[in-house]
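Read through the structure below, which is laid out as structure tokens, and then see the notes.
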Amino acid sequence: MSGLVISQLNISHGAIRAVNDLSFTVLPGQLAAVIGSNGAGKTTLLRTLSGLKSAHSGSVEWNGESILRKKPEDLVRSGIVHVSDGKSVIPELTVRENLALGGIWRKDKKDVALATAEAIDLFPRLGERLQQSADTLSGGERQMLAIGRALIARPKLLLLDEPSLGLAPLVIDQIFQAIKSLRDRHNLTVVLVEQNAMGALRIADIGIIINLGKLVASGPARELIDNPSLRAAYLGY
Amino acid sequence: MGRLLNTILIGVSGGSIYSLMALALVLVWRSTRVVNFAQAGQAILSTYIGYVVITHTNNYWIAFPVALLAGALAGALIDILMVRTLMKRAHSGPVAGIAPVIATLGLLGLIRAVVGMIWGGDLRQFKLPVSNHGFTFGHNTIPFAPINLLIVMTTVVVMLIFSLIFQRTNLGLSLRASAYQPEIARLAGIRVDLTRTIGWAFAGAAGAVAGMLVTPTNYLSPNSLDLLLVSGFVAAVIGGLESLVGAAVGGLILGISLALVLEYISSSLAFPVAFVVLIAVLLFKPSGLIGAKRTRHA
């Protein structure tokens with residue numbers, strides 16, 4: 001089956017079971033929002049999908065191929081690109097160098113140049129700050145840089161960890177709109193992990209709500225938003 | 001005036017070698033966060049290999065690249081065989097900080113012992129690649145000799161090559177990214193383990209160059225580079241341990257200060273002064289005099 005198929009996934013965090021018997025599927029081109037409070041296991045899940053963390057049991061397939069036990073540097077080469085939390089940029093490097101990292105392993109330098117131009121086109125702010133150290137960027141600009149860098153790898157599956165964290169509401173809107181338009185334009189499959197449930201579900205096709213590592217509900221994003229009991233318990237209003 | 005200038009010139013020549021050793025230590029520190037005491041051993045092993053080539057070919061210029069390659073290879077092997085395993089087995093807890101350092105100390109002892117077993121403890125001497133008689137201007141002969149010029153020029157070339165690699169190439173970007181944020185580097189597709197090994201190889205090569213440059217005006221024995229290791233550490237610390245420019249400038253500061261003390265105060269003070277400089281820098285400016293705009297959380 002194509003797309004991202006997660007079945008009966010268990011991930012341990014020391015003695016704690018951080019993800020417990022989790023199963024869900026994201027079809028190619030879908031934008032999936034994984035929603036849950038702090039400690040729900042969202043980041044652990046994403047780190048396992050990108051190869052940073054190993055799973056305890058279960059299976060994860062991307063387009064029919066198992067991706068568990070693969071290294072992040074190899075998964076990037078097969079199109080799975082993870083933008084980790086904490087505004088994943090290297091502050092000691094310039095904006096230009098951070099962007100260059102995104103295409104560093106790629107042979108097709110022409111397309112790297114094209115993808116870089118597209119990233120700057122999407123986030124013009126980056127273009128104005130190419131020579132600056134990434135240290136001087138605001139939180140929103142760092143998130144733009146992190147996403148921009150990921151795009152230069154020409155991802156097929158984009159994993160985003162809390163891109164809205166610590167950003168002002170206006171900037172959050174901007175980032176979410178950028179994610180949506182990327183998906184529309186490049187037919188990306190996106191797994192978006194968020195605490196900002198409403199913001200994420202509004203741009204998502206499907207939603208997956210997890211709590212303490214377990215699946216609570218999943219389905220079309222619209223239905224989750226309209227479900228009164230989920231709204232009260234997990235969506236925050 | 002002439003005396004001061006001559007002293008500074010000699011200091012620059014000595015300081016160049018400290019810079020190279022400091023560069024070797026900084027490269028390893030940046031790539032794996034290990035303070036590498038074995039660097040003196042790696043350098044001495046490479047220099048002995050250079051010595052063997054010189055005795056067979058009678059040609060310093062063939063020995064030089066051979067020693068350099070031997071140094072790079074030894075550095076890479078130490079990373080692959082020892083440091084990688086250590087990093088995996090002792091990656092957290094109190095042992096994580098100290099285990100690699102103690103291991104490199106053990107390795108230093110081991111390499112020295114092996115070198116002693118193979119070549120014995122006798123002091124050996126290199127044939128000079130160029131003259132060590134000072135340049136003559138009219139009736140004046142200055143202490144600065146062609147060999148010193150060779151040392152300074154080689155160091156400048158090595159430093160330029162390294163800064164070009166680090167600032168202008170993808171390999172340099174990978175080395176920097178892996179040093180600063182290994183996880184983000186991996187997520188960007190960089191093979192961080194391989195990149196670190198290349199860092200160790202570069203360091204080994206730089207140490208070998210230091211050994212090959214200092215030995216012609218000195219002698220060679222299994223521990224003849226120990227003092228250079230100390231000077232290299234002092235220079236690296238003055239330079240803030242993180243930056244290549246810092247290593248270069250730190251070496252020059254140390255070299256010139258030592259030459260001045262030697263010339264104007266007392267030759268017996270030179271070594272203590274190195275330690276006084278080290279402690280003073282650590283006390284008053286622990287992040288080093290150069291570079292390091294901010295403290296890094298690594």
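Each chain of the structure tokens is named A, B, ... in the order shown, its residues numbered from 1; ligands are numbered from 1 in display order.
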
Residue list (helix (DSSP H, G or I), DSSP) for segment 23-186 of chain A, as a ChimeraX atom specification: /A:42-49,72-77,95-102,109-122,124-128,134-136,139-152,169-186

Give me a file of those residues, with C-alpha atoms, as a tab-separated table (two decimals), in the first residue's frame.
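New file result.tsv:
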```
chain	number	residue	atom	x	y	z
A	42	LYS	CA	4.04	13.01	19.36
A	43	THR	CA	7.71	13.97	19.21
A	44	THR	CA	8.78	10.40	19.99
A	45	LEU	CA	6.62	9.19	17.12
A	46	LEU	CA	8.19	11.69	14.71
A	47	ARG	CA	11.71	10.86	15.85
A	48	THR	CA	11.01	7.21	15.14
A	49	LEU	CA	9.62	7.98	11.67
A	72	PRO	CA	18.06	9.37	9.27
A	73	GLU	CA	20.77	10.17	6.72
A	74	ASP	CA	19.48	7.34	4.52
A	75	LEU	CA	15.80	8.18	4.99
A	76	VAL	CA	16.52	11.75	3.84
A	77	ARG	CA	17.83	10.28	0.61
A	95	VAL	CA	21.23	31.54	6.72
A	96	ARG	CA	22.81	30.67	3.38
A	97	GLU	CA	24.83	27.84	4.93
A	98	ASN	CA	21.79	26.48	6.75
A	99	LEU	CA	19.92	26.39	3.45
A	100	ALA	CA	22.90	24.75	1.74
A	101	LEU	CA	22.75	21.93	4.30
A	102	GLY	CA	19.41	20.90	2.84
A	109	LYS	CA	23.19	20.75	-8.11
A	110	LYS	CA	21.04	22.49	-10.72
A	111	ASP	CA	17.88	21.36	-8.98
A	112	VAL	CA	19.38	22.29	-5.59
A	113	ALA	CA	19.82	25.83	-6.91
A	114	LEU	CA	16.25	25.81	-8.23
A	115	ALA	CA	14.84	24.45	-4.96
A	116	THR	CA	16.81	27.06	-3.02
A	117	ALA	CA	15.33	29.80	-5.18
A	118	GLU	CA	11.85	28.36	-4.58
A	119	ALA	CA	12.40	28.28	-0.80
A	120	ILE	CA	13.51	31.92	-0.83
A	121	ASP	CA	10.53	32.74	-3.01
A	122	LEU	CA	8.23	31.15	-0.44
A	124	PRO	CA	11.32	36.18	1.07
A	125	ARG	CA	12.52	37.14	4.55
A	126	LEU	CA	15.24	34.48	4.22
A	127	GLY	CA	16.47	36.05	1.01
A	128	GLU	CA	17.05	39.34	2.77
A	134	ALA	CA	21.03	32.18	11.88
A	135	ASP	CA	21.50	33.23	15.49
A	136	THR	CA	20.14	36.68	14.63
A	139	GLY	CA	11.61	32.45	16.10
A	140	GLY	CA	9.35	32.68	13.05
A	141	GLU	CA	12.26	33.26	10.71
A	142	ARG	CA	14.07	30.25	12.17
A	143	GLN	CA	11.03	28.10	11.48
A	144	MET	CA	10.93	29.43	7.91
A	145	LEU	CA	14.62	28.60	7.56
A	146	ALA	CA	14.11	25.08	8.93
A	147	ILE	CA	11.23	24.41	6.53
A	148	GLY	CA	13.10	26.06	3.67
A	149	ARG	CA	16.10	23.82	4.28
A	150	ALA	CA	13.85	20.74	4.33
A	151	LEU	CA	12.33	21.74	0.97
A	152	ILE	CA	15.73	21.87	-0.70
A	169	PRO	CA	-0.40	34.17	16.31
A	170	LEU	CA	0.15	36.13	13.11
A	171	VAL	CA	3.37	34.25	12.37
A	172	ILE	CA	1.68	30.92	13.16
A	173	ASP	CA	-0.95	31.66	10.51
A	174	GLN	CA	1.78	32.47	8.03
A	175	ILE	CA	3.67	29.23	8.74
A	176	PHE	CA	0.50	27.10	8.55
A	177	GLN	CA	-0.53	28.71	5.26
A	178	ALA	CA	2.95	28.07	3.88
A	179	ILE	CA	2.72	24.40	4.88
A	180	LYS	CA	-0.66	24.05	3.22
A	181	SER	CA	0.42	25.74	0.02
A	182	LEU	CA	3.53	23.56	-0.12
A	183	ARG	CA	1.43	20.47	0.13
A	184	ASP	CA	-0.88	21.74	-2.61
A	185	ARG	CA	1.94	22.76	-4.91
A	186	HIS	CA	4.34	19.82	-4.55
```

Excluding segment 172-189 of chain B and its own-chain neighbours fewer than 4 positions away, which residues fall within 8 Å of it when counting only C-alpha atoms? Please give them as a VMD selection string. (chain A and resid 50 72 to 74 76 to 77 81 to 84 88 to 90 92 to 93 97 101 to 105 150 153) or (chain B and resid 30 to 32 165 to 168 195 to 196 199 298)

With only C-alpha atoms as the counted atoms, please give the residues lying no more than 9 Å from Leu241 of chain B, apart from itself and same-chain residues fewer than 2 positions off, as a VMD selection string. chain B and resid 22 to 23 25 to 27 29 to 30 233 235 to 239 243 to 244 246 to 247 287 to 288 292

What residues in segment 37-112 of chain A get the DSSP label strand (DSSP E)? Please answer as a list of chain:residue names. A:Ser57, A:Gly58, A:Ser59, A:Val60, A:Glu61, A:Trp62, A:Glu65, A:Ser66, A:Ile80, A:Val81, A:His82, A:Val83

Env of segment 217-221 of chain A: 7 Å cut, atoms = only C-alpha atoms, seq-sep filter 4 positions within chain, self excluded. Answer as a list in words. Leu201, Ala204, Asp205, Ile206, Gly207, Ile208, Ile209 and Ile225 of chain A

Write out as JSON, numbers by chain each polymer residue whose atoms come within 12 Å of Val114 of chain B, counting only C-alpha atoms; drop sequence neighbours fewer than 3 positions from it. {"B": [41, 42, 44, 45, 48, 107, 108, 109, 110, 111, 117, 118, 119, 120, 121, 222, 223]}

Taking 3 positions as the minimum chain separation for residues in the same chain, which residues sit within 8 Å of segment 129-146 of chain B when counting only C-alpha atoms? Answer as a ChimeraX atom specification. /B:6,9-10,59-61,149-150,216-217

Within 9 Å of segment 77-83 of chain B using only C-alpha atoms, minus same-chain residues under 4 positions, as a list in words: Thr32, Val34, Ala72, Leu73, Met87, Lys88, Pro100, Ala103, Thr104, Asp193, Leu194, Arg196, Thr197, Trp200 and Ala201 of chain B

Writing out the chosen residues with C-alpha atoms as a compact mmCIF listing (two decimals), in the first residue's frame:
```
# COMPACT_ATOMS: atom_id res chain seq x y z
CA THR B 32 34.09 14.69 18.62
CA VAL B 34 37.49 14.79 22.83
CA ALA B 72 45.88 11.11 8.54
CA LEU B 73 45.50 7.34 8.42
CA MET B 87 31.13 7.26 22.26
CA LYS B 88 28.53 4.52 21.95
CA PRO B 100 37.60 9.39 26.04
CA ALA B 103 41.56 6.58 26.72
CA THR B 104 43.62 9.02 24.64
CA ASP B 193 30.30 9.35 11.70
CA LEU B 194 32.23 9.54 8.44
CA ARG B 196 34.02 12.95 12.24
CA THR B 197 36.54 10.41 10.99
CA TRP B 200 40.35 13.05 12.94
CA ALA B 201 42.26 12.37 9.72
```

Minimum-distance residue to chain A, chosen among B:Ile190, B:Val281, B:Leu262, B:Leu289 (using only C-alpha atoms):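 Distance minimum relative to chain A lands on B:Ile190.
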
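Shortest atom-to-atom contact with Arg154 of chain A among A:Leu9, A:Leu230, A:Ile80, A:Leu130: A:Ile80, counting only C-alpha atoms.
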